[in-house]
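The next block is protein-v3.cif, given as mmCIF, C-alpha atoms (C1' of nucleotides).
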data_query
loop_
_atom_site.label_atom_id
_atom_site.label_comp_id
_atom_site.auth_asym_id
_atom_site.auth_seq_id
_atom_site.Cartn_x
_atom_site.Cartn_y
_atom_site.Cartn_z
CA MET A 125 -23.73 -4.16 33.54
CA ASP A 126 -23.41 -7.94 33.52
CA ASN A 127 -22.99 -9.77 36.77
CA HIS A 128 -19.82 -11.48 35.69
CA VAL A 129 -18.22 -8.16 34.83
CA ARG A 130 -19.04 -6.76 38.25
CA ALA A 131 -17.71 -9.92 39.86
CA ALA A 132 -14.57 -9.84 37.78
CA ARG A 133 -13.90 -6.23 38.63
CA LYS A 134 -14.31 -6.87 42.33
CA ILE A 135 -12.05 -9.90 42.33
CA ALA A 136 -9.37 -8.25 40.19
CA GLN A 137 -9.21 -5.22 42.43
CA GLU A 138 -9.50 -6.81 45.85
CA CYS A 139 -8.10 -10.33 45.74
CA ALA A 140 -5.29 -10.60 48.25
CA CYS A 141 -4.21 -13.96 46.88
CA SER A 142 -3.88 -12.81 43.31
CA ARG A 143 -1.94 -9.78 44.49
CA ILE A 144 0.51 -11.65 46.61
CA ARG A 145 1.18 -14.09 43.78
CA GLN A 146 1.87 -11.22 41.41
CA ALA A 147 4.14 -9.51 43.92
CA SER A 148 5.83 -12.83 44.54
CA ARG A 149 6.64 -13.13 40.85
CA VAL A 150 8.12 -9.63 40.83
CA LEU A 151 10.32 -10.26 43.86
CA THR A 152 11.37 -13.70 42.71
CA LYS A 153 12.60 -12.24 39.47
CA ILE A 154 14.68 -9.59 41.26
CA TYR A 155 16.33 -12.14 43.52
CA ASP A 156 16.74 -14.87 40.93
CA THR A 157 18.42 -12.45 38.56
CA GLN A 158 20.98 -11.49 41.18
CA ILE A 159 21.88 -14.94 42.48
CA ARG A 160 21.77 -16.50 39.04
CA VAL A 161 25.55 -16.72 38.73
CA THR A 162 25.66 -19.19 41.61
CA GLY A 163 23.50 -21.54 39.56
CA LEU A 164 20.80 -21.34 42.20
CA GLN A 165 17.29 -19.97 42.24
CA GLU A 166 16.00 -18.17 45.29
CA SER A 167 13.75 -21.09 46.11
CA GLN A 168 16.75 -23.42 46.19
CA LEU A 169 18.74 -21.01 48.32
CA SER A 170 15.84 -20.93 50.78
CA VAL A 171 16.01 -24.69 51.16
CA LEU A 172 19.78 -24.65 51.58
CA VAL A 173 19.51 -21.98 54.23
CA ALA A 174 16.83 -23.90 56.08
CA VAL A 175 18.97 -27.02 56.04
CA ALA A 176 21.88 -25.02 57.42
CA HIS A 177 19.65 -23.75 60.18
CA PHE A 178 19.16 -27.27 61.52
CA GLY A 179 22.88 -27.85 61.80
CA ASP A 180 24.91 -31.03 61.90
CA ASN A 181 22.16 -33.36 63.09
CA GLY A 182 20.24 -32.63 59.94
CA ALA A 183 16.59 -31.91 59.52
CA THR A 184 13.88 -34.40 58.74
CA MET A 185 11.70 -33.80 55.72
CA GLY A 186 8.82 -32.82 57.99
CA ASP A 187 10.95 -30.40 60.00
CA LEU A 188 12.16 -28.72 56.83
CA ALA A 189 8.73 -28.56 55.24
CA ARG A 190 7.27 -26.88 58.33
CA ALA A 191 10.17 -24.44 58.56
CA LEU A 192 9.76 -23.54 54.90
CA VAL A 193 5.94 -23.36 55.08
CA MET A 194 5.98 -25.75 52.16
CA ASP A 195 4.05 -28.87 51.40
CA ARG A 196 5.99 -31.96 52.36
CA THR A 197 5.66 -33.42 48.87
CA THR A 198 6.82 -30.17 47.31
CA LEU A 199 9.96 -30.30 49.42
CA THR A 200 10.64 -33.83 48.17
CA ARG A 201 10.76 -32.54 44.61
CA ASN A 202 12.58 -29.33 45.47
CA LEU A 203 15.41 -31.26 47.10
CA LYS A 204 16.16 -33.08 43.87
CA PRO A 205 18.07 -30.33 42.01
CA ILE A 206 20.21 -29.30 44.99
CA GLU A 207 20.88 -32.93 45.86
CA LYS A 208 21.93 -33.62 42.27
CA ALA A 209 24.18 -30.56 42.47
CA GLY A 210 25.80 -32.06 45.55
CA LEU A 211 24.79 -29.24 47.87
CA VAL A 212 22.89 -31.47 50.29
CA ARG A 213 22.77 -35.16 50.94
CA VAL A 214 19.84 -37.16 52.23
CA ALA A 215 20.37 -40.05 54.62
CA ARG A 216 18.25 -42.33 56.75
CA SER A 217 17.73 -41.23 60.30
CA PRO A 218 19.58 -43.43 62.81
CA HIS A 219 16.71 -43.04 65.27
CA ASP A 220 13.72 -43.70 63.06
CA ALA A 221 13.78 -45.95 60.04
CA ARG A 222 10.90 -44.04 58.48
CA ALA A 223 12.57 -40.65 58.69
CA ARG A 224 15.12 -39.15 56.34
CA VAL A 225 17.49 -36.41 57.35
CA VAL A 226 18.88 -33.74 55.07
CA LEU A 227 22.43 -32.57 55.61
CA LEU A 228 24.37 -29.67 54.15
CA SER A 229 27.50 -30.70 52.27
CA ARG A 230 30.73 -28.74 52.22
CA ALA A 231 29.81 -27.57 48.74
CA GLY A 232 26.47 -26.45 50.12
CA GLU A 233 28.20 -24.39 52.79
CA ARG A 234 30.42 -22.75 50.22
CA THR A 235 27.43 -22.05 47.99
CA ILE A 236 25.61 -20.26 50.79
CA GLU A 237 28.67 -18.12 51.45
CA ALA A 238 29.00 -17.35 47.76
CA ALA A 239 25.32 -16.45 47.48
CA LEU A 240 25.30 -14.05 50.43
CA PRO A 241 26.70 -10.96 48.69
CA LEU A 242 24.45 -11.54 45.67
CA TRP A 243 21.42 -11.97 47.88
CA GLU A 244 22.40 -8.74 49.62
CA LYS A 245 22.48 -6.95 46.27
CA ALA A 246 18.93 -8.09 45.60
CA GLN A 247 17.83 -7.12 49.08
CA LYS A 248 19.43 -3.70 48.60
CA GLU A 249 17.85 -3.29 45.18
CA PHE A 250 14.43 -3.96 46.65
CA ARG A 251 14.99 -1.57 49.54
CA ALA A 252 16.28 1.14 47.25
CA ALA A 253 13.23 0.89 45.03
CA LEU A 254 10.57 1.07 47.71
CA GLY A 255 12.26 2.37 50.84
CA ALA A 256 13.59 0.65 53.94
CA GLN A 257 10.54 1.50 55.99
CA PHE A 258 8.20 0.05 53.39
CA VAL A 259 10.19 -3.15 53.15
CA GLU A 260 10.35 -3.52 56.90
CA ARG A 261 6.59 -3.13 57.23
CA LEU A 262 5.99 -5.60 54.43
CA ARG A 263 8.36 -8.10 56.01
CA ALA A 264 6.53 -7.90 59.32
CA ASP A 265 3.11 -8.20 57.70
CA LEU A 266 4.20 -11.21 55.66
CA GLY A 267 5.31 -12.75 58.94
CA GLY A 268 1.73 -12.43 60.11
CA VAL A 269 0.44 -14.28 57.07
CA ILE A 270 3.05 -17.00 57.52
CA ALA A 271 2.09 -17.39 61.17
CA LEU A 272 -1.47 -17.89 60.02
CA GLY A 273 -0.23 -20.78 57.92
CA HIS A 274 1.44 -22.36 60.92
CA LYS A 275 -1.72 -21.97 62.97
CA ARG A 276 -3.79 -23.64 60.27
CA GLU A 277 -1.63 -26.75 60.44
CA ASP A 278 -3.02 -27.76 63.81
CA MET B 210 30.63 -19.57 64.31
CA ASP B 211 31.00 -20.64 60.70
CA ASN B 212 30.48 -18.09 57.99
CA HIS B 213 27.85 -20.13 56.25
CA VAL B 214 25.81 -20.40 59.43
CA ARG B 215 25.88 -16.64 59.89
CA ALA B 216 24.93 -16.15 56.26
CA ALA B 217 22.14 -18.69 56.51
CA ARG B 218 20.72 -17.06 59.60
CA LYS B 219 20.74 -13.65 58.00
CA ILE B 220 19.09 -14.83 54.82
CA ALA B 221 16.48 -16.92 56.60
CA GLN B 222 15.46 -14.04 58.83
CA GLU B 223 15.56 -11.16 56.40
CA CYS B 224 14.86 -12.43 52.89
CA ALA B 225 11.83 -10.62 51.55
CA CYS B 226 11.57 -12.98 48.61
CA SER B 227 11.52 -16.12 50.66
CA ARG B 228 8.92 -14.58 52.94
CA ILE B 229 6.59 -13.49 50.21
CA ARG B 230 6.77 -16.93 48.63
CA GLN B 231 5.90 -18.57 51.93
CA ALA B 232 3.04 -16.16 52.52
CA SER B 233 1.92 -16.74 48.96
CA ARG B 234 1.69 -20.48 49.61
CA VAL B 235 -0.39 -19.85 52.73
CA LEU B 236 -2.82 -17.53 50.97
CA THR B 237 -3.07 -19.70 47.88
CA LYS B 238 -4.09 -22.63 50.03
CA ILE B 239 -6.85 -20.63 51.74
CA TYR B 240 -8.29 -19.42 48.46
CA ASP B 241 -7.85 -22.67 46.54
CA THR B 242 -9.62 -24.60 49.28
CA GLN B 243 -12.64 -22.33 49.10
CA ILE B 244 -13.06 -22.13 45.34
CA ARG B 245 -12.20 -25.77 44.84
CA VAL B 246 -15.80 -26.83 44.20
CA THR B 247 -15.85 -24.74 41.01
CA GLY B 248 -13.07 -26.91 39.67
CA LEU B 249 -10.82 -23.86 39.49
CA GLN B 250 -7.66 -22.84 41.25
CA GLU B 251 -7.15 -19.26 42.28
CA SER B 252 -4.52 -18.83 39.58
CA GLN B 253 -7.04 -19.87 36.94
CA LEU B 254 -9.71 -17.60 38.35
CA SER B 255 -7.23 -14.72 38.13
CA VAL B 256 -6.77 -15.34 34.45
CA LEU B 257 -10.51 -15.62 33.83
CA VAL B 258 -11.09 -12.37 35.66
CA ALA B 259 -8.38 -10.62 33.68
CA VAL B 260 -9.89 -11.85 30.43
CA ALA B 261 -13.30 -10.54 31.54
CA HIS B 262 -11.73 -7.19 32.27
CA PHE B 263 -10.80 -6.72 28.62
CA GLY B 264 -14.36 -7.29 27.46
CA ASP B 265 -15.76 -8.37 24.13
CA ASN B 266 -12.83 -7.33 21.97
CA GLY B 267 -10.66 -9.79 23.82
CA ALA B 268 -7.17 -9.36 25.12
CA THR B 269 -3.97 -10.25 23.36
CA MET B 270 -1.55 -12.56 25.09
CA GLY B 271 0.77 -9.65 25.76
CA ASP B 272 -2.02 -7.51 27.22
CA LEU B 273 -3.05 -10.30 29.53
CA ALA B 274 0.46 -11.14 30.61
CA ARG B 275 1.16 -7.53 31.52
CA ALA B 276 -2.14 -7.20 33.39
CA LEU B 277 -1.39 -10.37 35.33
CA VAL B 278 2.27 -9.47 35.98
CA MET B 279 3.06 -12.85 34.53
CA ASP B 280 5.63 -14.04 32.05
CA ARG B 281 4.15 -14.27 28.58
CA THR B 282 5.21 -17.89 28.22
CA THR B 283 3.70 -18.74 31.59
CA LEU B 284 0.39 -17.36 30.44
CA THR B 285 0.53 -19.57 27.35
CA ARG B 286 0.66 -22.65 29.58
CA ASN B 287 -1.84 -21.31 32.12
CA LEU B 288 -4.45 -20.78 29.44
CA LYS B 289 -4.40 -24.46 28.51
CA PRO B 290 -6.50 -25.85 31.38
CA ILE B 291 -9.17 -23.15 31.23
CA GLU B 292 -9.28 -23.36 27.46
CA LYS B 293 -9.69 -27.14 27.65
CA ALA B 294 -12.47 -26.58 30.19
CA GLY B 295 -14.21 -24.33 27.66
CA LEU B 296 -14.04 -21.22 29.84
CA VAL B 297 -12.11 -19.15 27.31
CA ARG B 298 -11.42 -19.43 23.62
CA VAL B 299 -8.40 -18.21 21.76
CA ALA B 300 -8.71 -16.77 18.27
CA ARG B 301 -6.51 -14.94 15.81
CA SER B 302 -6.69 -11.20 15.91
CA PRO B 303 -8.46 -9.72 12.87
CA HIS B 304 -6.08 -6.76 12.93
CA ASP B 305 -2.74 -8.48 13.37
CA ALA B 306 -2.00 -11.94 12.05
CA ARG B 307 0.67 -12.43 14.70
CA ALA B 308 -1.57 -11.66 17.63
CA ARG B 309 -4.00 -13.97 19.37
CA VAL B 310 -6.94 -12.72 21.35
CA VAL B 311 -8.45 -14.47 24.35
CA LEU B 312 -12.22 -14.29 24.82
CA LEU B 313 -14.42 -15.30 27.72
CA SER B 314 -17.02 -17.91 26.84
CA ARG B 315 -20.52 -18.04 28.27
CA ALA B 316 -19.36 -20.89 30.50
CA GLY B 317 -16.50 -18.68 31.62
CA GLU B 318 -18.92 -15.92 32.58
CA ARG B 319 -21.03 -18.35 34.56
CA THR B 320 -17.94 -19.74 36.28
CA ILE B 321 -16.86 -16.30 37.43
CA GLU B 322 -20.32 -15.68 38.85
CA ALA B 323 -20.29 -19.05 40.59
CA ALA B 324 -16.83 -18.41 42.02
CA LEU B 325 -17.64 -14.99 43.44
CA PRO B 326 -19.32 -16.10 46.70
CA LEU B 327 -16.62 -18.70 47.30
CA TRP B 328 -13.90 -16.17 46.69
CA GLU B 329 -15.69 -13.86 49.13
CA LYS B 330 -15.62 -16.59 51.75
CA ALA B 331 -11.87 -16.89 51.35
CA GLN B 332 -11.43 -13.14 51.46
CA LYS B 333 -13.55 -12.99 54.60
CA GLU B 334 -11.63 -15.84 56.19
CA PHE B 335 -8.39 -14.00 55.61
CA ARG B 336 -9.75 -10.74 56.95
CA ALA B 337 -11.19 -12.45 60.00
CA ALA B 338 -7.88 -14.09 60.83
CA LEU B 339 -5.68 -11.01 60.60
CA GLY B 340 -7.99 -8.00 60.70
CA ALA B 341 -9.41 -5.78 58.01
CA GLN B 342 -6.88 -3.03 58.64
CA PHE B 343 -3.98 -5.45 58.34
CA VAL B 344 -5.30 -6.86 55.10
CA GLU B 345 -5.89 -3.43 53.65
CA ARG B 346 -2.36 -2.32 54.44
CA LEU B 347 -0.94 -5.51 53.00
CA ARG B 348 -3.02 -5.11 49.84
CA ALA B 349 -1.72 -1.57 49.35
CA ASP B 350 1.90 -2.56 49.98
CA LEU B 351 1.67 -5.46 47.56
CA GLY B 352 0.41 -2.95 45.02
CA GLY B 353 3.69 -1.11 45.48
CA VAL B 354 5.70 -4.24 44.77
CA ILE B 355 3.59 -4.98 41.70
CA ALA B 356 4.09 -1.44 40.42
CA LEU B 357 7.82 -2.02 40.76
CA GLY B 358 7.41 -4.98 38.46
CA HIS B 359 5.65 -2.86 35.87
CA LYS B 360 8.38 -0.24 36.09
CA ARG B 361 11.07 -2.86 35.54
CA GLU B 362 9.49 -3.85 32.24
CA ASP B 363 10.55 -0.64 30.53
"C1'" DG C 276 9.37 -2.09 -2.85
"C1'" DT C 277 13.38 -4.35 -0.15
"C1'" DC C 278 15.30 -5.75 3.90
"C1'" DA C 279 16.84 -5.19 8.69
"C1'" DT C 280 14.53 -4.50 12.94
"C1'" DT C 281 10.96 -4.87 16.04
"C1'" DT C 282 6.97 -7.10 17.83
"C1'" DA C 283 3.67 -11.14 19.00
"C1'" DG C 284 3.77 -15.47 20.29
"C1'" DG C 285 4.92 -20.62 20.83
"C1'" DT C 286 8.10 -24.76 22.26
"C1'" DG C 287 11.78 -27.25 24.82
"C1'" DT C 288 13.34 -27.80 29.08
"C1'" DA C 289 13.55 -27.51 33.94
"C1'" DG C 290 12.02 -26.51 38.25
"C1'" DA C 291 8.06 -25.22 41.91
"C1'" DT C 292 3.63 -26.45 43.80
"C1'" DA C 293 0.34 -29.53 45.93
"C1'" DC C 294 -3.59 -33.07 46.04
"C1'" DA C 295 -4.76 -38.00 46.16
"C1'" DC C 296 -3.02 -42.04 47.22
"C1'" DC C 297 0.31 -45.32 48.56
"C1'" DC C 298 3.85 -47.87 51.69
"C1'" DA C 299 6.63 -48.61 55.84
"C1'" DT C 300 7.63 -47.86 60.56
"C1'" DT C 301 6.48 -46.65 65.19
"C1'" DC C 302 3.40 -46.23 69.02
"C1'" DG C 303 -0.27 -47.21 72.13
"C1'" DT C 304 -3.50 -50.31 74.05
"C1'" DG C 305 -5.19 -54.61 75.27
"C1'" DC D 33 3.11 -59.53 71.81
"C1'" DA D 34 -0.68 -58.58 68.55
"C1'" DC D 35 -2.87 -55.07 66.13
"C1'" DG D 36 -5.09 -50.81 64.92
"C1'" DA D 37 -3.88 -45.94 64.84
"C1'" DA D 38 -0.68 -42.47 64.10
"C1'" DT D 39 3.45 -40.85 61.89
"C1'" DG D 40 7.17 -40.10 58.17
"C1'" DG D 41 7.68 -40.06 53.60
"C1'" DG D 42 7.45 -41.08 48.41
"C1'" DT D 43 4.86 -41.31 43.63
"C1'" DG D 44 1.38 -40.19 40.03
"C1'" DT D 45 -0.65 -36.53 38.11
"C1'" DA D 46 -1.59 -31.88 37.00
"C1'" DT D 47 -0.70 -27.23 37.15
"C1'" DC D 48 2.32 -22.94 37.73
"C1'" DT D 49 6.62 -20.61 36.57
"C1'" DA D 50 10.07 -18.79 33.46
"C1'" DC D 51 14.52 -18.82 30.64
"C1'" DA D 52 16.52 -19.79 26.06
"C1'" DC D 53 15.40 -20.16 21.68
"C1'" DC D 54 12.54 -20.32 17.70
"C1'" DT D 55 9.04 -18.66 13.92
"C1'" DA D 56 6.15 -15.41 11.63
"C1'" DA D 57 4.21 -11.02 10.81
"C1'" DA D 58 4.40 -5.94 11.03
"C1'" DT D 59 7.23 -1.84 10.76
"C1'" DG D 60 10.51 1.50 9.33
"C1'" DA D 61 14.45 3.34 6.80
"C1'" DC D 62 16.24 3.70 2.36
#
Would you mind writing the structure in this file as structure tokens?
Amino acid sequence: MDNHVRAARKIAQECACSRIRQASRVLTKIYDTQIRVTGLQESQLSVLVAVAHFGDNGATMGDLARALVMDRTTLTRNLKPIEKAGLVRVARSPHDARARVVLLSRAGERTIEAALPLWEKAQKEFRAALGAQFVERLRADLGGVIALGHKRED
Amino acid sequence: MDNHVRAARKIAQECACSRIRQASRVLTKIYDTQIRVTGLQESQLSVLVAVAHFGDNGATMGDLARALVMDRTTLTRNLKPIEKAGLVRVARSPHDARARVVLLSRAGERTIEAALPLWEKAQKEFRAALGAQFVERLRADLGGVIALGHKRED
DNA sequence: GTCATTTAGGTGTAGATACACCCATTCGTG
DNA sequence: CACGAATGGGTGTATCTACACCTAAATGAC
């Protein structure tokens, strides 16, 4: 058999990266379908939720990017749609003229509340399909991978 | 405490979708960094490998999309860069005038062979960081999520 | 054989992702 | 305080992702 066929077979079967991207597409579709009526995508809800986590002082772009395990420049672009929708606002930091802080608007707060039951439906759908124990194990293991990402930033 | 803060905390801590997307970004970075010298990204290598899997008869767009757990229209766009690079060619199916078949070029074969050792370095790096047992469990669990995606297509 | 239905696939649009590169501000050291 | 280094952040470019919508060809019922 040709070398490239052997190589292809090995990669297709064993690649952790390819697998997690495929699984990510499956999960994203489940969640996006549920929260669709809010006008949000799961990725946007994630950002909103992270902003909420930092509270009234707001989060700097860097803070948010680290919390979301997301490239700083990706966050810049991802803020655009939810800023245009009025769910967050971006202001200059009073302490550091370089920094920008992201703040949750009242509409953003309401949107999170509105999204919660829909998110829960997605979460429940996923659990029902694969079992609570499975999902819990996966969640923990993904935490390990994410921690690896944080470690690599040093 | 405000409702939206409670909701945000719950979602941030428990959302499987958000987690898998974060973990996906971490893994993608590890693999992309390693195979970078081939001029490929992991996502492109995945497509190449899937094309190779279908052999000399080629794969239709639909076949490939299903194998890659990828939206059909996403595959259309993802083929562009590797087609432009001459790694695959797309031809009309002789059996069905609607269908298009994707074929691996000689350059594509060579690229897969060249990528294999780099991919193995990434795979090894991941295993070394989190343990072979961890990675194996994760791989199996991701397979479960992917299977869920296939089931949802019916 | 005709025509409605199904199937295969592309395009418009919009967002998600990140690298290379850039600018501005702050900090540390002399 | 002057100035080089470090820090915070945006833009250009390219790719990845997928929904809504479209076209064309094959299929099936009559």
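Across the structure, atom CA of Leu254 of chain A and atom CA of Lys360 of chain B are spaced 11.9 Å apart.
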Proximal residues of chain D relative to chain B (all atoms listed in the file; 10 Å) as a ChimeraX atom specification: /D:46-51,56-58
Selection dump of the PyMOL selection byres ((chain C) within 10 of (chain B)), as an NGL selection string: :C and (282-286 or 292-293)
Just give me the gap between atom CA of Ala276 of chain B and atom CA of Leu257 of chain B in Å, one decimal is fine. 11.9 Å
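The space between atom CA of Val214 of chain B and atom CA of Ala176 of chain A spans 6.4 Å.
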Per-residue nearest contacts chain B to chain A, cut-off 6 Å, using all atoms listed in the file, as a Markdown table:
| residue | atom | partner | partner_atom | distance |
| --- | --- | --- | --- | --- |
| B:His213 | CA | A:Glu237 | CA | 5.3 |
| B:Ala217 | CA | A:Val173 | CA | 4.8 |
| B:Cys226 | CA | A:Leu151 | CA | 5.6 |
| B:Ile229 | CA | A:Ser148 | CA | 5.8 |
| B:Arg230 | CA | A:Ser148 | CA | 5.9 |
| B:Gln231 | CA | A:Val193 | CA | 5.7 |
| B:Ala232 | CA | A:Ile270 | CA | 5.1 |
| B:Ser233 | CA | A:Ile144 | CA | 5.8 |
| B:Val235 | CA | A:Gly273 | CA | 5.3 |
| B:Leu236 | CA | A:Cys141 | CA | 5.6 |
| B:Thr237 | CA | A:Cys141 | CA | 5.9 |
| B:Val258 | CA | A:Ala132 | CA | 4.8 |
| B:Val278 | CA | A:Gln146 | CA | 5.7 |
| B:Glu318 | CA | A:His128 | CA | 5.5 |
| B:Ile321 | CA | A:His128 | CA | 5.9 |
| B:Glu322 | CA | A:His128 | CA | 5.3 |
| B:Leu351 | CA | A:Ala147 | CA | 6.0 |
| B:Val354 | CA | A:Ala147 | CA | 5.6 |
| B:Ile355 | CA | A:Ala147 | CA | 5.1 |
| B:Gly358 | CA | A:Val150 | CA | 5.3 |
Starting from the PyMOL selection byres ((chain D and resi 62) around 10), expand the selection into actual residues of this file and give them as a PyMOL selection string. (chain C and resi 277-278) or (chain D and resi 60-61)
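This file, queried with the PyMOL selection byres ((chain D and resi 35) around 10), gives the residues DT304 and DG305 of chain C; DC33, DA34, DG36 and DA37 of chain D.
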List as a PyMOL selection string the residues having at least one atom at most 6 Å from position (20.3, -38.6, 58.1) as given in the file, counting all atoms listed in the file. chain A and resi 215-217+224-226
Can you report as AutoDock Vina command-line options the centre and edge lengths in Å, to one decimal, of an axis-aligned box around the listed atoms of segment 286-293 of chain C padded with 4 Å on each side?
--center_x 6.9 --center_y -27.1 --center_z 34.1 --size_x 21.2 --size_y 12.8 --size_z 31.7
